[in-house]
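In what follows, a structure is listed as structure tokens, so that the remarks can point back to it.
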Amino acid sequence: MSQWSPVWRVKVASIEYTSTILANLSITSGRSNIYNQTNAGFATIELFIFDQTSIIIDINDSLSIEVKDSTGTYVPIFGGSVVDVGIAVAQVGSSAYTQSVTITALGALARVQKALTNGVLTQDFDGNQIYTILSDLLLNNWGEVPAALTWATYTPATEMWANAQNTGLGEIDTPGNYELAQRASSRTDMYSLVAALA
């Protein structure tokens, strides 16, 4: 059996924590069996920071955990929002100290149960309809971005606009397998609508 040594990337509020050591990682999502209701995913990570940089992580900041695939491309395995942060001094030496940062994040789909939509959909395949509903909540557009932020000053500059404000949409099988009828305007929560479409 070959050994796999994953290359991780953790981003909080689009800031990449490259000089840290990922000590612990736990991601829970979905459900444990078909009889239970699906729960929102959550992640707990612990980072060790050796260079004494100040840590600026706020509640509700976006969190992305990615791993490199065989082609060298980072693939997101978790996206969500920070709900808890703990910072502690792990070790102290005569000239330096090590910080331990524990972050708990709730998966992006946790927002779906409370978000309302009119759910107007054209006749399309199931995956496309699900993408239409979820992208409205989980992808930003320039109208939702703070006025002080411009693309010229956006950090990190390596991202493209298509994924710069992605708060956890992930991969959706588009166009899908089944063609579904159009849907007229009817106010509902996004979770119920997406569950019915799936």
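Here's how to read the names in the structure tokens: chain A, B, ... by the order shown, residue numbers from 1 in each chain, ligand numbers from 1 in the order shown.
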### Task
Run DSSP on the backbone of this structure and report the residues of segment 15-191 of chain A it assigns to strand (DSSP E), as an MDAnalysis selection string.
chainID A and resid 15:16 20:30 39:49 62:68 74:92 97:107 116:117 124:125 179:180 188:189
### Task
Within 6 Å of segment 75-89 of chain A, counting only C-alpha atoms, which residues show up once you throw out same-chain ones fewer than 5 positions away? Write them as a VMD selection string, please.
chain A and resid 59 to 67 98 to 108 168
Selection export as a compact mmCIF listing (two decimals), in the first residue's frame, atoms kept: C-alpha atoms:
```txt
# COMPACT_ATOMS: atom_id res chain seq x y z
CA ILE A 59 -16.39 34.81 14.62
CA ASN A 60 -18.25 34.39 11.29
CA ASP A 61 -15.04 34.60 9.23
CA SER A 62 -15.08 32.15 6.34
CA LEU A 63 -12.94 29.02 6.75
CA SER A 64 -11.75 26.78 3.94
CA ILE A 65 -9.79 23.54 4.31
CA GLU A 66 -8.22 22.23 1.12
CA VAL A 67 -5.95 19.35 0.17
CA THR A 98 4.57 28.52 20.22
CA GLN A 99 0.89 29.37 19.86
CA SER A 100 -1.85 26.78 19.66
CA VAL A 101 -4.96 27.99 17.82
CA THR A 102 -8.09 25.85 17.96
CA ILE A 103 -10.83 26.78 15.50
CA THR A 104 -14.33 25.35 15.30
CA ALA A 105 -16.33 26.08 12.17
CA LEU A 106 -19.88 25.26 11.16
CA GLY A 107 -20.41 24.04 7.60
CA ALA A 108 -21.83 26.40 5.03
CA GLY A 168 -18.71 26.69 0.98
```
### Query
Expressed in Å to a single decimal, how great is the separation between atom CA of Leu134 of chain A and atom CA of Asn36 of chain A?
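Separating atom CA of Leu134 of chain A from atom CA of Asn36 of chain A is a distance of 22.5 Å.
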### Task
Please measure the separation of atom CA of Asn128 of chain A and atom CA of Thr174 of chain A, giving the value in Å to one decimal.
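Taking atom CA of Asn128 of chain A as the start and atom CA of Thr174 of chain A as the end point, the length is 5.5 Å.
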## Note on the structure
Students should find that atom CA of Thr188 of chain A and atom CA of Asp173 of chain A are spaced 23.1 Å
9 Å contact set for Ile172 of chain A, only C-alpha atoms, chain neighbours under 6 positions out, as a PDB file with C-alpha atoms, in the first residue's frame:
```pdb
ATOM      1  CA  GLY A 127     -28.331  19.725 -10.360  1.00  0.00           C
ATOM      2  CA  ASN A 128     -28.748  23.057 -12.134  1.00  0.00           C
ATOM      3  CA  ILE A 130     -30.000  23.043  -6.790  1.00  0.00           C
ATOM      4  CA  TYR A 131     -26.990  25.118  -7.890  1.00  0.00           C
TER       5      TYR A 131
END
```
### Message
Show me, as an MDAnalysis selection string, the residues that have an atom within 7 Å of segment 22-24 of chain A when counting only C-alpha atoms, minus same-chain residues fewer than 5 positions from it.
### Response
chainID A and resid 45:48
